[in-house]
Amino acid sequence: MDGTHAARTVTEVMATAEPPAATTPFGRASRDYLFGEVWSRPGLSRRDRRWVTLTCVAAADSPGPIEEHVHAALASGDIKLEALLEFVLHFAVYCGWPKASHLEGAIARQWDRVHRERGEETPPWPQLPNDTLGPGVWDERLKRGVEEFIDVNLMPAPPTNSPYRHAGILNFVFGHVWQRPGLTRRERRIVTVASVALDDSPVPLQTHVTAALHSGDLTKVEMDEIVLQFAAYYGFAKGEALADAVETAWASKPD
């Protein structure tokens, strides 16, 4: 793709009037390769590429890119506020609460910026009813958590013999978070795959990649594009580990 088309892609993806000047090797590579080739590829929607990118920049503690990509997601209309806020909770589970706290702060700032740029008063965030928290009966919640764990991971649920498994995995992560509205299961898989890849978590990485492909929630073509998008934003060395996990999972997929 030539420089003009690549620059146009920058403005479309980043929701800016003018792309930054490409006067350095990094700037030219960002314009011509990252935006001109990676963001322009078929096989994965722009919204899906945003989930991978947001996960990467938020986990990398990159203040500027976090602000820029949150703004782009909101200003473009690709991701609504409610979905972004739901993403923060899922991200917190897999990448940590302090990073999620910073991410949610960026969403607040960019939500205000988008409306100021439009000359509008910034509307408040929605108030959430308590019924979105799921069942308050612990036996019922844990039962649902076991069922969701099996359904998501395509393997038996762990025993409830540690606080991490009992209170964390079965009660909260699968008893609540994976069942919340706001994001589809497919979107939660995309965010989770990117998270476990950047977290250097070999077993969760293989587990979640395998489940995503074997369940049919993500196709091989989509997963290959996730690998490329991830490598572009979190590094090709970690992208190689994700690519290896994808090939291993695909080779073991039942006919």
# chains A, B, ... in the order shown; residues from 1 in each chain; ligands from 1

$ residues_around --residues "A:Glu240" --least-positions-apart "6" --cutoff "10 Å" --atoms "only C-alpha atoms" --output "MDAnalysis selection string"
chainID A and resid 197 227:228 230:231 246

$ write_last_selection --atoms "N, CA and C atoms" --output "PDB file, in the first residue's frame"
ATOM      1  N   ALA A 197      -1.283 -14.546  26.337  1.00  0.00           N
ATOM      2  CA  ALA A 197      -0.073 -14.531  25.515  1.00  0.00           C
ATOM      3  C   ALA A 197       0.943 -13.525  26.041  1.00  0.00           C
ATOM      4  N   VAL A 227      -2.903 -13.275  15.924  1.00  0.00           N
ATOM      5  CA  VAL A 227      -1.463 -13.434  16.173  1.00  0.00           C
ATOM      6  C   VAL A 227      -0.686 -12.264  15.579  1.00  0.00           C
ATOM      7  N   LEU A 228      -0.984 -11.886  14.344  1.00  0.00           N
ATOM      8  CA  LEU A 228      -0.258 -10.795  13.693  1.00  0.00           C
ATOM      9  C   LEU A 228      -0.532  -9.469  14.392  1.00  0.00           C
ATOM     10  N   PHE A 230      -1.459  -8.992  17.465  1.00  0.00           N
ATOM     11  CA  PHE A 230      -0.811  -9.072  18.762  1.00  0.00           C
ATOM     12  C   PHE A 230       0.699  -8.835  18.632  1.00  0.00           C
ATOM     13  N   ALA A 231       1.335  -9.485  17.664  1.00  0.00           N
ATOM     14  CA  ALA A 231       2.773  -9.333  17.476  1.00  0.00           C
ATOM     15  C   ALA A 231       3.143  -7.890  17.155  1.00  0.00           C
ATOM     16  N   VAL A 246      -1.151 -21.674  18.565  1.00  0.00           N
ATOM     17  CA  VAL A 246      -2.224 -21.787  17.573  1.00  0.00           C
ATOM     18  C   VAL A 246      -2.009 -23.020  16.695  1.00  0.00           C
TER      19      VAL A 246
END

$ residues_around --residues "A:Glu37" --least-positions-apart "6" --cutoff "12 Å" --atoms "only C-alpha atoms" --output "number ranges by chain"
A: 1-3, 5-7, 9-10, 29-31, 225, 228-229, 232

$ closest_atom_pairs --of "stretch 115-204 of chain A" --to "stretch 217-221 of chain A" --cutoff "12 Å" --atoms "only C-alpha atoms" --output "tab-separated table"
residue	atom	partner	partner_atom	distance
A:Asp151	CA	A:Asp217	CA	11.7
A:Val152	CA	A:Asp217	CA	10.0
A:Asn153	CA	A:Asp217	CA	11.7
A:Thr184	CA	A:Asp217	CA	10.1
A:Arg185	CA	A:Asp217	CA	7.8
A:Arg186	CA	A:Asp217	CA	5.6
A:Glu187	CA	A:Asp217	CA	9.2
A:Arg188	CA	A:Asp217	CA	10.3
A:Arg189	CA	A:Asp217	CA	8.0
A:Ile190	CA	A:Leu218	CA	8.4
A:Val193	CA	A:Leu218	CA	10.9

$ write_last_selection --atoms "N, CA, C and O atoms" --output "PDB file, in the first residue's frame"
ATOM      1  N   ASP A 151     -17.802 -25.286  29.787  1.00  0.00           N
ATOM      2  CA  ASP A 151     -18.272 -24.831  28.487  1.00  0.00           C
ATOM      3  C   ASP A 151     -17.235 -23.955  27.782  1.00  0.00           C
ATOM      4  O   ASP A 151     -17.055 -24.037  26.572  1.00  0.00           O
ATOM      5  N   VAL A 152     -16.548 -23.119  28.542  1.00  0.00           N
ATOM      6  CA  VAL A 152     -15.553 -22.220  27.963  1.00  0.00           C
ATOM      7  C   VAL A 152     -14.251 -22.951  27.646  1.00  0.00           C
ATOM      8  O   VAL A 152     -13.682 -22.805  26.565  1.00  0.00           O
ATOM      9  N   ASN A 153     -13.781 -23.764  28.604  1.00  0.00           N
ATOM     10  CA  ASN A 153     -12.460 -24.368  28.477  1.00  0.00           C
ATOM     11  C   ASN A 153     -12.454 -25.760  27.849  1.00  0.00           C
ATOM     12  O   ASN A 153     -11.380 -26.291  27.540  1.00  0.00           O
ATOM     13  N   THR A 184     -19.550 -10.388  23.861  1.00  0.00           N
ATOM     14  CA  THR A 184     -19.876 -11.751  23.451  1.00  0.00           C
ATOM     15  C   THR A 184     -18.796 -12.706  23.961  1.00  0.00           C
ATOM     16  O   THR A 184     -17.686 -12.286  24.309  1.00  0.00           O
ATOM     17  N   ARG A 185     -19.107 -13.976  23.992  1.00  0.00           N
ATOM     18  CA  ARG A 185     -18.084 -14.961  24.380  1.00  0.00           C
ATOM     19  C   ARG A 185     -16.907 -14.899  23.420  1.00  0.00           C
ATOM     20  O   ARG A 185     -15.746 -15.011  23.839  1.00  0.00           O
ATOM     21  N   ARG A 186     -17.181 -14.709  22.153  1.00  0.00           N
ATOM     22  CA  ARG A 186     -16.112 -14.626  21.161  1.00  0.00           C
ATOM     23  C   ARG A 186     -15.183 -13.453  21.478  1.00  0.00           C
ATOM     24  O   ARG A 186     -13.954 -13.579  21.407  1.00  0.00           O
ATOM     25  N   GLU A 187     -15.753 -12.296  21.835  1.00  0.00           N
ATOM     26  CA  GLU A 187     -14.924 -11.144  22.176  1.00  0.00           C
ATOM     27  C   GLU A 187     -14.125 -11.409  23.448  1.00  0.00           C
ATOM     28  O   GLU A 187     -12.957 -11.020  23.551  1.00  0.00           O
ATOM     29  N   ARG A 188     -14.752 -12.077  24.414  1.00  0.00           N
ATOM     30  CA  ARG A 188     -14.017 -12.415  25.635  1.00  0.00           C
ATOM     31  C   ARG A 188     -12.867 -13.362  25.310  1.00  0.00           C
ATOM     32  O   ARG A 188     -11.798 -13.278  25.918  1.00  0.00           O
ATOM     33  N   ARG A 189     -13.055 -14.241  24.366  1.00  0.00           N
ATOM     34  CA  ARG A 189     -11.960 -15.132  23.965  1.00  0.00           C
ATOM     35  C   ARG A 189     -10.803 -14.324  23.355  1.00  0.00           C
ATOM     36  O   ARG A 189      -9.630 -14.602  23.636  1.00  0.00           O
ATOM     37  N   ILE A 190     -11.103 -13.359  22.513  1.00  0.00           N
ATOM     38  CA  ILE A 190     -10.055 -12.557  21.880  1.00  0.00           C
ATOM     39  C   ILE A 190      -9.231 -11.831  22.941  1.00  0.00           C
ATOM     40  O   ILE A 190      -7.994 -11.859  22.919  1.00  0.00           O
ATOM     41  N   VAL A 193      -7.180 -14.475  24.999  1.00  0.00           N
ATOM     42  CA  VAL A 193      -6.035 -15.019  24.258  1.00  0.00           C
ATOM     43  C   VAL A 193      -4.885 -14.014  24.239  1.00  0.00           C
ATOM     44  O   VAL A 193      -3.726 -14.366  24.499  1.00  0.00           O
TER      45      VAL A 193
END

$ select_by_dssp --residues "stretch 31-127 of chain A" --states "alpha helix (DSSP H)" --output "ChimeraX atom specification"
/A:46-59,63-76,81-95,97-117

$ residues_around --residues "A:Ala73" --least-positions-apart "4" --cutoff "10 Å" --atoms "only C-alpha atoms" --output "VMD selection string"
chain A and resid 13 to 15 46 to 47 50 to 51 54 68 to 69 77 to 81 84 107 110

$ residues_around --residues "stretch 112-114 of chain A" --least-positions-apart "6" --cutoff "10 Å" --atoms "only C-alpha atoms" --output "CSV table (one decimal) with N, CA, C and O atoms, in the first residue's frame"
chain,number,residue,atom,x,y,z
A,71,HIS,N,-9.4,6.6,22.8
A,71,HIS,CA,-10.1,7.7,22.0
A,71,HIS,C,-10.6,7.2,20.7
A,71,HIS,O,-11.7,7.5,20.3
A,72,ALA,N,-9.7,6.5,20.0
A,72,ALA,CA,-10.0,6.1,18.6
A,72,ALA,C,-11.2,5.1,18.6
A,72,ALA,O,-12.1,5.2,17.8
A,74,LEU,N,-13.7,5.0,20.8
A,74,LEU,CA,-14.9,5.7,21.1
A,74,LEU,C,-15.3,6.7,20.0
A,74,LEU,O,-16.4,6.7,19.6
A,75,ALA,N,-14.3,7.4,19.5
A,75,ALA,CA,-14.6,8.5,18.5
A,75,ALA,C,-15.1,7.9,17.2
A,75,ALA,O,-15.9,8.4,16.5
A,76,SER,N,-14.5,6.7,16.9
A,76,SER,CA,-14.9,6.0,15.6
A,76,SER,C,-16.3,5.4,15.7
A,76,SER,O,-16.9,5.1,14.7
A,106,ALA,N,-8.4,6.2,31.7
A,106,ALA,CA,-8.3,6.6,30.4
A,106,ALA,C,-9.6,6.7,29.7
A,106,ALA,O,-9.9,7.6,28.9
A,120,GLU,N,-20.5,18.8,22.8
A,120,GLU,CA,-21.6,18.3,23.6
A,120,GLU,C,-21.2,18.2,25.1
A,120,GLU,O,-20.1,18.2,25.5
A,121,GLU,N,-22.3,18.2,25.9
A,121,GLU,CA,-22.1,18.0,27.3
A,121,GLU,C,-21.8,16.5,27.5
A,121,GLU,O,-22.5,15.6,26.9
A,122,THR,N,-20.8,16.2,28.3
A,122,THR,CA,-20.5,14.8,28.6
A,122,THR,C,-21.5,14.1,29.4
A,122,THR,O,-21.7,14.5,30.6
A,123,PRO,N,-22.2,13.0,28.9
A,123,PRO,CA,-23.2,12.3,29.7
A,123,PRO,C,-22.5,11.5,30.7
A,123,PRO,O,-21.4,11.0,30.6
A,124,PRO,N,-23.2,11.2,31.9
A,124,PRO,CA,-22.7,10.4,32.9
A,124,PRO,C,-22.7,8.9,32.5
A,124,PRO,O,-23.4,8.5,31.6

$ atom_distance --atom1 "atom CA of A:Gly43" --atom2 "atom CA of A:Glu222"
5.6 Å

$ atom_distance --atom1 "atom CA of A:Arg116" --atom2 "atom CA of A:Thr16"
14.7 Å

$ decode --residues "stretch 51-75 of chain A" --atoms "N, CA and C atoms" --output "mmCIF file, in the first residue's frame"
data_model
loop_
_atom_site.group_PDB
_atom_site.id
_atom_site.type_symbol
_atom_site.label_atom_id
_atom_site.label_comp_id
_atom_site.auth_asym_id
_atom_site.auth_seq_id
_atom_site.Cartn_x
_atom_site.Cartn_y
_atom_site.Cartn_z
ATOM 1 N N TRP A 51 -9.831 -4.833 20.036
ATOM 2 C CA TRP A 51 -9.766 -5.573 21.299
ATOM 3 C C TRP A 51 -8.350 -6.069 21.552
ATOM 4 N N VAL A 52 -7.713 -6.601 20.529
ATOM 5 C CA VAL A 52 -6.331 -7.079 20.681
ATOM 6 C C VAL A 52 -5.417 -5.912 21.031
ATOM 7 N N THR A 53 -5.560 -4.813 20.304
ATOM 8 C CA THR A 53 -4.692 -3.654 20.497
ATOM 9 C C THR A 53 -4.881 -3.029 21.869
ATOM 10 N N LEU A 54 -6.122 -2.844 22.287
ATOM 11 C CA LEU A 54 -6.397 -2.259 23.601
ATOM 12 C C LEU A 54 -5.807 -3.122 24.712
ATOM 13 N N THR A 55 -5.945 -4.432 24.579
ATOM 14 C CA THR A 55 -5.363 -5.330 25.574
ATOM 15 C C THR A 55 -3.851 -5.137 25.641
ATOM 16 N N CYS A 56 -3.212 -5.059 24.491
ATOM 17 C CA CYS A 56 -1.748 -4.936 24.447
ATOM 18 C C CYS A 56 -1.269 -3.610 25.018
ATOM 19 N N VAL A 57 -1.848 -2.488 24.586
ATOM 20 C CA VAL A 57 -1.332 -1.198 25.048
ATOM 21 C C VAL A 57 -1.638 -0.982 26.522
ATOM 22 N N ALA A 58 -2.778 -1.499 27.002
ATOM 23 C CA ALA A 58 -3.104 -1.353 28.421
ATOM 24 C C ALA A 58 -2.177 -2.202 29.280
ATOM 25 N N ALA A 59 -1.867 -3.404 28.831
ATOM 26 C CA ALA A 59 -0.976 -4.286 29.592
ATOM 27 C C ALA A 59 0.470 -3.805 29.542
ATOM 28 N N ALA A 60 0.833 -3.088 28.480
ATOM 29 C CA ALA A 60 2.208 -2.607 28.324
ATOM 30 C C ALA A 60 2.479 -1.330 29.108
ATOM 31 N N ASP A 61 1.463 -0.823 29.810
ATOM 32 C CA ASP A 61 1.634 0.419 30.585
ATOM 33 C C ASP A 61 2.116 1.558 29.690
ATOM 34 N N SER A 62 1.471 1.714 28.554
ATOM 35 C CA SER A 62 1.863 2.733 27.578
ATOM 36 C C SER A 62 0.872 3.895 27.635
ATOM 37 N N PRO A 63 1.145 4.925 28.460
ATOM 38 C CA PRO A 63 0.134 5.970 28.689
ATOM 39 C C PRO A 63 -0.374 6.636 27.422
ATOM 40 N N GLY A 64 0.557 7.036 26.522
ATOM 41 C CA GLY A 64 0.109 7.697 25.295
ATOM 42 C C GLY A 64 -0.742 6.802 24.419
ATOM 43 N N PRO A 65 -0.245 5.621 24.038
ATOM 44 C CA PRO A 65 -1.051 4.717 23.214
ATOM 45 C C PRO A 65 -2.365 4.299 23.864
ATOM 46 N N ILE A 66 -2.399 4.142 25.194
ATOM 47 C CA ILE A 66 -3.668 3.806 25.845
ATOM 48 C C ILE A 66 -4.689 4.899 25.565
ATOM 49 N N GLU A 67 -4.299 6.139 25.814
ATOM 50 C CA GLU A 67 -5.220 7.264 25.593
ATOM 51 C C GLU A 67 -5.644 7.335 24.122
ATOM 52 N N GLU A 68 -4.679 7.175 23.223
ATOM 53 C CA GLU A 68 -4.970 7.316 21.790
ATOM 54 C C GLU A 68 -5.913 6.227 21.290
ATOM 55 N N HIS A 69 -5.686 4.993 21.722
ATOM 56 C CA HIS A 69 -6.508 3.898 21.214
ATOM 57 C C HIS A 69 -7.891 3.860 21.872
ATOM 58 N N VAL A 70 -7.985 4.265 23.122
ATOM 59 C CA VAL A 70 -9.310 4.396 23.740
ATOM 60 C C VAL A 70 -10.092 5.487 23.033
ATOM 61 N N HIS A 71 -9.448 6.618 22.774
ATOM 62 C CA HIS A 71 -10.120 7.700 22.047
ATOM 63 C C HIS A 71 -10.575 7.232 20.671
ATOM 64 N N ALA A 72 -9.698 6.532 19.959
ATOM 65 C CA ALA A 72 -10.045 6.067 18.613
ATOM 66 C C ALA A 72 -11.225 5.103 18.640
ATOM 67 N N ALA A 73 -11.244 4.212 19.621
ATOM 68 C CA ALA A 73 -12.341 3.244 19.716
ATOM 69 C C ALA A 73 -13.669 3.945 19.945
ATOM 70 N N LEU A 74 -13.671 4.961 20.820
ATOM 71 C CA LEU A 74 -14.902 5.695 21.123
ATOM 72 C C LEU A 74 -15.286 6.654 19.997
ATOM 73 N N ALA A 75 -14.316 7.428 19.515
ATOM 74 C CA ALA A 75 -14.619 8.453 18.511
ATOM 75 C C ALA A 75 -15.069 7.850 17.191
#
